[in-house]
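Student: Below you'll find entry.pdb; it's PDB, C-alpha atoms and all ligand atoms.
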ATOM      1  CA  MET A 242      84.218 109.976 117.528
ATOM      2  CA  GLU A 243      87.621 108.323 117.863
ATOM      3  CA  PHE A 244      90.842 110.337 117.907
ATOM      4  CA  ILE A 245      93.008 107.629 116.409
ATOM      5  CA  THR A 246      92.844 106.093 112.926
ATOM      6  CA  LYS A 247      90.475 103.198 112.219
ATOM      7  CA  ASP A 248      93.503 100.901 111.781
ATOM      8  CA  LEU A 249      94.861 101.790 115.205
ATOM      9  CA  SER A 250      91.447 101.570 116.794
ATOM     10  CA  ASP A 251      90.958  98.084 115.284
ATOM     11  CA  TYR A 252      94.438  97.115 116.473
ATOM     12  CA  CYS A 253      93.587  98.239 120.014
ATOM     13  CA  GLU A 254      90.334  96.257 119.969
ATOM     14  CA  ASN A 255      92.084  93.187 118.554
ATOM     15  CA  ASN A 256      94.566  93.338 121.423
ATOM     16  CA  THR A 257      91.980  93.878 124.139
ATOM     17  CA  SER A 258      89.971  91.143 125.846
ATOM     18  CA  ALA A 259      86.899  90.237 123.803
ATOM     19  CA  GLU A 260      83.372  91.322 124.652
ATOM     20  CA  THR A 261      81.289  88.593 126.258
ATOM     21  CA  ASP A 262      78.815  86.914 123.887
ATOM     22  CA  ILE A 263      75.871  88.725 125.452
ATOM     23  CA  LEU A 264      77.604  92.112 125.070
ATOM     24  CA  ALA A 265      78.461  91.364 121.440
ATOM     25  CA  GLN A 266      74.795  90.442 120.865
ATOM     26  CA  LEU A 267      73.610  93.612 122.619
ATOM     27  CA  ASN A 268      76.057  95.687 120.550
ATOM     28  CA  ARG A 269      74.771  94.070 117.323
ATOM     29  CA  GLU A 270      71.082  94.334 118.167
ATOM     30  CA  THR A 271      71.398  97.947 119.303
ATOM     31  CA  HIS A 272      72.957  98.766 115.911
ATOM     32  CA  LEU A 273      70.179  96.890 114.085
ATOM     33  CA  LYS A 274      67.131  97.993 116.065
ATOM     34  CA  VAL A 275      67.735 101.180 118.058
ATOM     35  CA  VAL A 276      68.216 104.806 117.028
ATOM     36  CA  SER A 277      71.593 106.487 117.679
ATOM     37  CA  PRO A 278      73.657 103.306 118.247
ATOM     38  CA  ARG A 279      76.804 105.484 118.410
ATOM     39  CA  MET A 280      75.757 106.249 121.988
ATOM     40  CA  LEU A 281      76.685 102.717 123.095
ATOM     41  CA  SER A 282      80.101 102.558 124.794
ATOM     42  CA  GLY A 283      81.327  99.694 122.609
ATOM     43  CA  HIS A 284      84.053  97.082 122.906
ATOM     44  CA  LEU A 285      87.170  99.071 123.893
ATOM     45  CA  GLN A 286      85.526 101.548 126.243
ATOM     46  CA  GLY A 287      83.344  98.808 127.655
ATOM     47  CA  ARG A 288      86.413  96.727 128.548
ATOM     48  CA  PHE A 289      87.947  99.829 130.173
ATOM     49  CA  LEU A 290      84.821 100.326 132.322
ATOM     50  CA  SER A 291      84.834  96.650 133.260
ATOM     51  CA  PHE A 292      88.550  96.798 134.123
ATOM     52  CA  ILE A 293      88.155  99.857 136.366
ATOM     53  CA  SER A 294      85.142  98.339 138.075
ATOM     54  CA  LYS A 295      87.050  95.093 138.716
ATOM     55  CA  LEU A 296      89.896  97.100 140.294
ATOM     56  CA  GLN A 297      87.459  99.129 142.402
ATOM     57  CA  GLN A 298      85.130  96.257 143.396
ATOM     58  CA  PRO A 299      82.335  98.724 144.131
ATOM     59  CA  LYS A 300      79.445  98.059 146.498
ATOM     60  CA  LEU A 301      77.360 100.702 144.749
ATOM     61  CA  VAL A 302      77.709 101.938 141.178
ATOM     62  CA  VAL A 303      75.466 104.736 139.889
ATOM     63  CA  GLU A 304      75.189 105.094 136.142
ATOM     64  CA  ILE A 305      73.577 108.216 134.650
ATOM     65  CA  GLY A 306      72.377 107.256 131.160
ATOM     66  CA  THR A 307      71.496 103.570 130.625
ATOM     67  CA  TYR A 308      70.586 103.638 126.903
ATOM     68  CA  THR A 309      70.474  99.899 125.954
ATOM     69  CA  GLY A 310      72.445  98.705 128.982
ATOM     70  CA  TYR A 311      75.868  98.019 127.456
ATOM     71  CA  SER A 312      77.957 100.077 129.913
ATOM     72  CA  ALA A 313      75.775  98.949 132.842
ATOM     73  CA  LEU A 314      76.627  95.313 132.059
ATOM     74  CA  CYS A 315      80.344  96.172 131.727
ATOM     75  CA  LEU A 316      80.418  98.036 135.060
ATOM     76  CA  ALA A 317      78.440  95.266 136.777
ATOM     77  CA  GLU A 318      81.256  92.809 136.041
ATOM     78  CA  GLY A 319      83.348  94.300 138.878
ATOM     79  CA  LEU A 320      80.656  94.602 141.552
ATOM     80  CA  ALA A 321      81.551  93.365 145.034
ATOM     81  CA  GLU A 322      79.606  90.413 146.342
ATOM     82  CA  ASN A 323      76.206  91.840 147.298
ATOM     83  CA  GLY A 324      77.064  94.966 145.335
ATOM     84  CA  LYS A 325      74.496  96.677 143.134
ATOM     85  CA  LEU A 326      74.314  99.056 140.227
ATOM     86  CA  ILE A 327      71.619 101.704 139.812
ATOM     87  CA  SER A 328      71.265 102.871 136.222
ATOM     88  CA  ILE A 329      69.067 105.890 135.505
ATOM     89  CA  ASP A 330      67.501 106.917 132.210
ATOM     90  CA  VAL A 331      64.513 108.969 131.062
ATOM     91  CA  ASN A 332      63.844 106.939 127.915
ATOM     92  CA  GLU A 333      61.178 104.287 128.401
ATOM     93  CA  GLU A 334      61.838 102.489 125.108
ATOM     94  CA  THR A 335      65.608 102.046 125.411
ATOM     95  CA  SER A 336      65.271 101.180 129.115
ATOM     96  CA  ALA A 337      62.817  98.387 128.213
ATOM     97  CA  PHE A 338      65.315  97.143 125.612
ATOM     98  CA  ALA A 339      68.083  97.233 128.265
ATOM     99  CA  LYS A 340      65.883  95.337 130.712
ATOM    100  CA  SER A 341      65.180  92.555 128.229
ATOM    101  CA  PHE A 342      68.923  92.004 127.805
ATOM    102  CA  ILE A 343      69.959  92.404 131.421
ATOM    103  CA  GLN A 344      67.357  89.799 132.420
ATOM    104  CA  LYS A 345      69.278  87.214 130.369
ATOM    105  CA  THR A 346      72.473  87.770 132.366
ATOM    106  CA  GLU A 347      73.887  86.827 135.747
ATOM    107  CA  TYR A 348      73.550  90.516 136.719
ATOM    108  CA  ALA A 349      69.738  90.587 136.518
ATOM    109  CA  ASN A 350      69.387  90.847 140.310
ATOM    110  CA  LYS A 351      72.279  93.278 140.711
ATOM    111  CA  ILE A 352      71.188  95.996 138.283
ATOM    112  CA  ASP A 353      68.274  98.313 139.174
ATOM    113  CA  LEU A 354      67.026 100.211 136.146
ATOM    114  CA  VAL A 355      65.386 103.461 137.188
ATOM    115  CA  LEU A 356      63.165 105.340 134.769
ATOM    116  CA  ALA A 357      63.586 108.946 135.921
ATOM    117  CA  ASP A 358      65.331 112.207 135.315
ATOM    118  CA  ALA A 359      68.712 111.736 136.987
ATOM    119  CA  LYS A 360      68.563 115.261 138.474
ATOM    120  CA  ASP A 361      65.443 114.279 140.423
ATOM    121  CA  TYR A 362      66.503 110.750 141.289
ATOM    122  CA  ILE A 363      70.117 111.181 142.510
ATOM    123  CA  PRO A 364      69.092 113.250 145.581
ATOM    124  CA  THR A 365      66.946 110.296 146.727
ATOM    125  CA  ILE A 366      69.943 107.905 146.870
ATOM    126  CA  LYS A 367      70.760 107.430 150.547
ATOM    127  CA  GLU A 368      73.725 105.013 150.348
ATOM    128  CA  SER A 369      77.298 106.122 149.702
ATOM    129  CA  ILE A 370      78.631 105.485 146.210
ATOM    130  CA  ASP A 371      81.904 103.898 145.020
ATOM    131  CA  LEU A 372      81.720 104.469 141.271
ATOM    132  CA  VAL A 373      79.700 106.843 139.080
ATOM    133  CA  PHE A 374      79.478 106.779 135.291
ATOM    134  CA  ILE A 375      78.142 110.048 133.838
ATOM    135  CA  ASP A 376      76.909 109.479 130.291
ATOM    136  CA  ALA A 377      73.642 111.395 129.853
ATOM    137  CA  ASP A 378      72.684 114.905 128.659
ATOM    138  CA  LYS A 379      75.877 116.909 128.327
ATOM    139  CA  LYS A 380      74.498 120.212 129.596
ATOM    140  CA  ASN A 381      73.950 118.657 133.031
ATOM    141  CA  TYR A 382      77.371 117.027 133.570
ATOM    142  CA  LEU A 383      78.391 119.624 136.154
ATOM    143  CA  ASN A 384      75.005 119.335 137.905
ATOM    144  CA  TYR A 385      75.465 115.551 138.088
ATOM    145  CA  TYR A 386      78.986 116.027 139.480
ATOM    146  CA  HIS A 387      77.678 118.347 142.206
ATOM    147  CA  LEU A 388      74.861 115.913 142.997
ATOM    148  CA  VAL A 389      77.139 112.883 143.439
ATOM    149  CA  ILE A 390      80.407 114.242 144.852
ATOM    150  CA  ASP A 391      79.290 114.357 148.514
ATOM    151  CA  LYS A 392      77.792 110.871 148.259
ATOM    152  CA  LEU A 393      81.026 109.454 146.851
ATOM    153  CA  ASN A 394      83.267 107.521 149.251
ATOM    154  CA  LYS A 395      86.911 108.498 149.729
ATOM    155  CA  GLY A 396      88.786 106.739 146.929
ATOM    156  CA  GLY A 397      85.551 106.583 144.923
ATOM    157  CA  LEU A 398      85.608 107.229 141.187
ATOM    158  CA  ILE A 399      83.598 109.275 138.726
ATOM    159  CA  ILE A 400      84.016 108.526 135.029
ATOM    160  CA  ALA A 401      82.444 110.984 132.577
ATOM    161  CA  ASP A 402      82.083 110.108 128.897
ATOM    162  CA  ASN A 403      82.346 112.319 125.781
ATOM    163  CA  VAL A 404      84.387 115.057 127.448
ATOM    164  CA  LEU A 405      86.314 115.774 124.212
ATOM    165  CA  TRP A 406      83.019 116.003 122.274
ATOM    166  CA  SER A 407      84.367 115.022 118.851
ATOM    167  CA  GLY A 408      87.265 117.461 119.312
ATOM    168  CA  LYS A 409      84.979 120.515 119.577
ATOM    169  CA  ILE A 410      86.224 121.026 123.144
ATOM    170  CA  THR A 411      89.363 122.828 121.899
ATOM    171  CA  MET A 412      87.423 125.559 120.022
ATOM    172  CA  SER A 413      87.496 129.066 121.429
ATOM    173  CA  GLU A 414      84.780 129.498 124.051
ATOM    174  CA  SER A 415      82.982 132.131 121.969
ATOM    175  CA  ALA A 416      82.570 129.627 119.098
ATOM    176  CA  MET A 417      81.281 126.768 121.281
ATOM    177  CA  ASP A 418      77.669 125.574 121.145
ATOM    178  CA  LYS A 419      75.827 125.027 124.448
ATOM    179  CA  GLU A 420      76.768 121.367 124.873
ATOM    180  CA  THR A 421      80.450 121.928 124.103
ATOM    181  CA  LEU A 422      80.569 124.851 126.537
ATOM    182  CA  ALA A 423      78.875 122.777 129.248
ATOM    183  CA  LEU A 424      81.414 119.979 128.806
ATOM    184  CA  HIS A 425      84.283 122.496 128.811
ATOM    185  CA  GLN A 426      82.954 124.025 132.059
ATOM    186  CA  PHE A 427      82.683 120.538 133.534
ATOM    187  CA  ASN A 428      86.314 119.743 132.598
ATOM    188  CA  GLN A 429      87.495 123.100 133.969
ATOM    189  CA  PHE A 430      85.599 122.654 137.242
ATOM    190  CA  VAL A 431      87.021 119.166 137.817
ATOM    191  CA  GLN A 432      90.530 120.383 136.987
ATOM    192  CA  GLN A 433      90.450 123.002 139.779
ATOM    193  CA  ASP A 434      88.523 120.911 142.338
ATOM    194  CA  LYS A 435      90.883 120.301 145.267
ATOM    195  CA  ARG A 436      88.767 117.392 146.544
ATOM    196  CA  VAL A 437      89.803 115.161 143.650
ATOM    197  CA  GLU A 438      92.587 113.895 141.411
ATOM    198  CA  ASN A 439      91.661 113.615 137.755
ATOM    199  CA  MET A 440      92.878 112.403 134.418
ATOM    200  CA  LEU A 441      91.394 113.089 130.998
ATOM    201  CA  LEU A 442      91.976 110.053 128.805
ATOM    202  CA  PRO A 443      91.582 110.257 124.998
ATOM    203  CA  ILE A 444      89.732 106.944 124.866
ATOM    204  CA  ARG A 445      86.990 107.029 122.218
ATOM    205  CA  ASP A 446      85.268 110.450 122.679
ATOM    206  CA  GLY A 447      87.238 111.283 125.853
ATOM    207  CA  LEU A 448      86.840 109.959 129.399
ATOM    208  CA  MET A 449      87.366 112.162 132.455
ATOM    209  CA  VAL A 450      88.389 109.867 135.297
ATOM    210  CA  VAL A 451      88.093 111.433 138.754
ATOM    211  CA  ARG A 452      89.167 109.990 142.102
ATOM    212  CA  LYS A 453      87.968 111.521 145.360
ATOM    213  CA  LYS A 454      90.865 112.126 147.777
TER
HETATM  214  C1  LIG B   1      74.995 108.184 125.524
HETATM  215  S1  LIG B   1      73.528 107.412 126.050
HETATM  216  C2  LIG B   1      74.112 106.304 127.303
HETATM  217  C3  LIG B   1      74.945 105.162 126.737
HETATM  218  C4  LIG B   1      75.249 104.061 127.709
HETATM  219  N1  LIG B   1      75.841 104.574 128.934
HETATM  220  C5  LIG B   1      76.228 103.094 127.060
HETATM  221  O1  LIG B   1      77.432 103.353 127.113
HETATM  222  O2  LIG B   1      75.811 102.106 126.449
HETATM  223  C6  LIG B   1      72.767 108.701 126.954
HETATM  224  C7  LIG B   1      71.455 108.336 127.652
HETATM  225  O3  LIG B   1      71.154 109.380 128.600
HETATM  226  C8  LIG B   1      69.760 109.467 128.716
HETATM  227  N2  LIG B   1      69.402 110.748 129.345
HETATM  228  C9  LIG B   1      69.380 111.978 128.768
HETATM  229  N3  LIG B   1      68.997 112.902 129.654
HETATM  230  C10 LIG B   1      68.782 112.255 130.832
HETATM  231  C11 LIG B   1      68.375 112.671 132.135
HETATM  232  N4  LIG B   1      68.113 113.939 132.403
HETATM  233  N5  LIG B   1      68.279 111.739 133.114
HETATM  234  C12 LIG B   1      68.536 110.430 132.842
HETATM  235  N6  LIG B   1      68.929 109.985 131.621
HETATM  236  C13 LIG B   1      69.042 110.874 130.641
HETATM  237  C14 LIG B   1      69.257 109.289 127.275
HETATM  238  O4  LIG B   1      67.895 108.884 127.272
HETATM  239  C15 LIG B   1      70.229 108.241 126.732
HETATM  240  O5  LIG B   1      69.683 106.928 126.788
END
So that I can check it, write out the structure of this file as structure tokens.

Tutor:
Amino acid sequence: MEFITKDLSDYCENNTSAETDILAQLNRETHLKVVSPRMLSGHLQGRFLSFISKLQQPKLVVEIGTYTGYSALCLAEGLAENGKLISIDVNEETSAFAKSFIQKTEYANKIDLVLADAKDYIPTIKESIDLVFIDADKKNYLNYYHLVIDKLNKGGLIIADNVLWSGKITMSESAMDKETLALHQFNQFVQQDKRVENMLLPIRDGLMVVRKK
């Protein structure tokens, strides 16, 4: 969900750098061929992820939730020379779709697609991390945060998607469903965590941007 009108959202996109041709094709084909295309980050958020990654120039990016590979390709644009991106997903079908697209790009050798439950896989990552994108099952956001925070370098970033959850995040806690409550607990935990600075941006469905001090 977007929190601004369609006109304003279109205006923002029209005044933001364009998607690359391959991203536009991936966006189109995901909408034509894959279930739940709303999950794809899309033009505006994708350019934001690319922008942040280019500022950060990460050696290692970990993405939790590949889907069809759109955000992975955006984040890969900022990788340092010899940098790599590990993208984790449990869904065999969408990961195969992502792979077929990523193979057509200059990032084919920089993106490792891992078919696994992120909760099991993250503990096996030995290298330190510069940038994490959390965009998988909402009930585990806080678990993912706990799993990555000690592996994150000083100055490293975590970006978590959907933290406004179509606006449901402002309901009273007693009225929240499980996913909304989990996202609310994630936001609350980050807000009081002295190890980080954070900013909740109302981009698309809400992005929590966290920087480790
Ligand atoms: C919102 S989509 C990701 C969208 C993608 N980041 C993008 O912007 O184009 C969420 C993905 O998380 C995956 N997922 C859900 N639970 C997971 C888990 N426990 N471990 C890894 N991936 C998971 C789903 O299969 C789905 O493809």

Student: Go through segment 288-356 of chain A residue by residue and, counting all atoms listed in the file, keep those with an atom at most 9 Å from segment 393-407 of chain A; for each kept residue give the shortest atom pair and its distance in Å to one decimal, ordered by chain and increasing number, as a tab-separated table.

Tutor:
residue	atom	partner	partner_atom	distance
A:Leu290	CA	A:Ile400	CA	8.7
A:Gln297	CA	A:Gly397	CA	8.1
A:Pro299	CA	A:Gly397	CA	8.5

Student: Would you name the residues within 8 Å of ligand LIG 1 (chain B), counting only C-alpha atoms and all ligand atoms, and put them as JSON, numbers by chain?

Tutor: {"A": [279, 280, 281, 282, 283, 287, 304, 305, 306, 307, 308, 309, 310, 311, 312, 313, 329, 330, 331, 332, 335, 336, 356, 357, 358, 359, 360, 374, 375, 376, 377, 378, 381]}

Student: So how far away is atom CA of Pro443 of chain A from atom CA of Ala321 of chain A, in Å?

Tutor: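 Computing the Euclidean distance for atom CA of Ala321 of chain A and atom CA of Pro443 of chain A yields 28.1 Å.
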
Student: To test the calculation: enclose all listed atoms of segment 270-276 of chain A in a box whose edges run along x, y and z, add 4 Å on each side, then state centre and edge lengths in Å to one decimal, as JSON.

Tutor:
{"center_x": 70.0, "center_y": 99.6, "center_z": 116.7, "size_x": 13.8, "size_y": 18.5, "size_z": 13.2}

Student: Could you check the closest approach to Cys253 of chain A for each of A:Val303, A:Leu285, A:Ala265, A:Ile444 and tell me which residue wins, using only C-alpha atoms?

Tutor: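 Distance minimum relative to Cys253 of chain A lands on A:Leu285.
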
Student: Atom CA of Ile366 of chain A to atom CA of Glu322 of chain A: how many Å, to one decimal?

Tutor: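 Between atom CA of Ile366 of chain A and atom CA of Glu322 of chain A the gap is 20.0 Å.
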
Student: Dump as a compact mmCIF listing (two decimals) with C-alpha atoms, in the frame of the given file all residues having an atom at most 12 Å from (81.7, 125.7, 131.5), computed in the file's coordinates with only C-alpha atoms.

Tutor:
# COMPACT_ATOMS: atom_id res chain seq x y z
CA LYS A 379 75.88 116.91 128.33
CA LYS A 380 74.50 120.21 129.60
CA ASN A 381 73.95 118.66 133.03
CA TYR A 382 77.37 117.03 133.57
CA LEU A 383 78.39 119.62 136.15
CA ASN A 384 75.00 119.34 137.90
CA VAL A 404 84.39 115.06 127.45
CA ILE A 410 86.22 121.03 123.14
CA GLU A 414 84.78 129.50 124.05
CA SER A 415 82.98 132.13 121.97
CA MET A 417 81.28 126.77 121.28
CA ASP A 418 77.67 125.57 121.14
CA LYS A 419 75.83 125.03 124.45
CA GLU A 420 76.77 121.37 124.87
CA THR A 421 80.45 121.93 124.10
CA LEU A 422 80.57 124.85 126.54
CA ALA A 423 78.88 122.78 129.25
CA LEU A 424 81.41 119.98 128.81
CA HIS A 425 84.28 122.50 128.81
CA GLN A 426 82.95 124.02 132.06
CA PHE A 427 82.68 120.54 133.53
CA ASN A 428 86.31 119.74 132.60
CA GLN A 429 87.50 123.10 133.97
CA PHE A 430 85.60 122.65 137.24
CA VAL A 431 87.02 119.17 137.82
CA GLN A 432 90.53 120.38 136.99

Student: Quick one: of A:Tyr362, A:Thr346, A:Tyr386, A:Met412, who's nearest to Met449 of chain A, counting all atoms listed in the file?

Tutor: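 For Met449 of chain A, the nearest of the given residues is A:Tyr386.
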
Student: Quick check on the file I pasted: which residues fall under the PyMOL selection byres (((chain A and resi 349) around 12) and not hetatm)? Write them as number ranges by chain.

Tutor: A: 310, 313-314, 317-318, 325-327, 339-348, 350-354

Student: Using atom CA of Ser291 of chain A and atom CA of Arg269 of chain A as the two end points, give the distance in Å to one decimal.

Tutor: 19.0 Å

Student: To verify the selection step, state as a ChimeraX atom specification which residues the PyMOL selection byres (((chain A and resi 437) around 7) and not hetatm) yields on this input.

Tutor: /A:434-436,438-439,451-454

Student: Looking at A:Phe338, A:Phe244, A:Tyr385, A:Phe289, which one is nearest to Ala259 of chain A, with distances taken over all atoms listed in the file?

Tutor: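 Closest residue, counting all atoms listed in the file: A:Phe289.
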
Student: Output requested as a compact mmCIF listing (two decimals), in the frame of the given file - segment 371-386 of chain A, filled out with N, CA and C atoms.

Tutor:
# COMPACT_ATOMS: atom_id res chain seq x y z
N ASP A 371 80.49 104.19 145.30
CA ASP A 371 81.90 103.90 145.02
C ASP A 371 82.32 104.26 143.60
N LEU A 372 81.37 104.23 142.68
CA LEU A 372 81.72 104.47 141.27
C LEU A 372 80.52 105.08 140.56
N VAL A 373 80.77 106.17 139.84
CA VAL A 373 79.70 106.84 139.08
C VAL A 373 80.13 106.91 137.62
N PHE A 374 79.22 106.59 136.72
CA PHE A 374 79.48 106.78 135.29
C PHE A 374 78.49 107.82 134.78
N ILE A 375 79.00 108.97 134.36
CA ILE A 375 78.14 110.05 133.84
C ILE A 375 78.15 109.95 132.32
N ASP A 376 76.98 109.66 131.75
CA ASP A 376 76.91 109.48 130.29
C ASP A 376 75.52 109.85 129.78
N ALA A 377 74.98 110.98 130.30
CA ALA A 377 73.64 111.40 129.85
C ALA A 377 73.74 112.76 129.18
N ASP A 378 72.72 113.60 129.33
CA ASP A 378 72.68 114.90 128.66
C ASP A 378 73.87 115.77 129.08
N LYS A 379 74.58 116.25 128.09
CA LYS A 379 75.88 116.91 128.33
C LYS A 379 75.75 118.20 129.14
N LYS A 380 74.63 118.91 128.92
CA LYS A 380 74.50 120.21 129.60
C LYS A 380 74.39 120.06 131.11
N ASN A 381 74.10 118.85 131.58
CA ASN A 381 73.95 118.66 133.03
C ASN A 381 75.13 117.95 133.69
N TYR A 382 76.23 117.75 132.97
CA TYR A 382 77.37 117.03 133.57
C TYR A 382 77.81 117.64 134.91
N LEU A 383 77.92 118.98 134.92
CA LEU A 383 78.39 119.62 136.15
C LEU A 383 77.34 119.48 137.26
N ASN A 384 76.06 119.57 136.90
CA ASN A 384 75.00 119.34 137.90
C ASN A 384 75.12 117.93 138.47
N TYR A 385 75.34 116.93 137.61
CA TYR A 385 75.46 115.55 138.09
C TYR A 385 76.68 115.41 139.02
N TYR A 386 77.76 116.07 138.65
CA TYR A 386 78.99 116.03 139.48
C TYR A 386 78.67 116.58 140.88
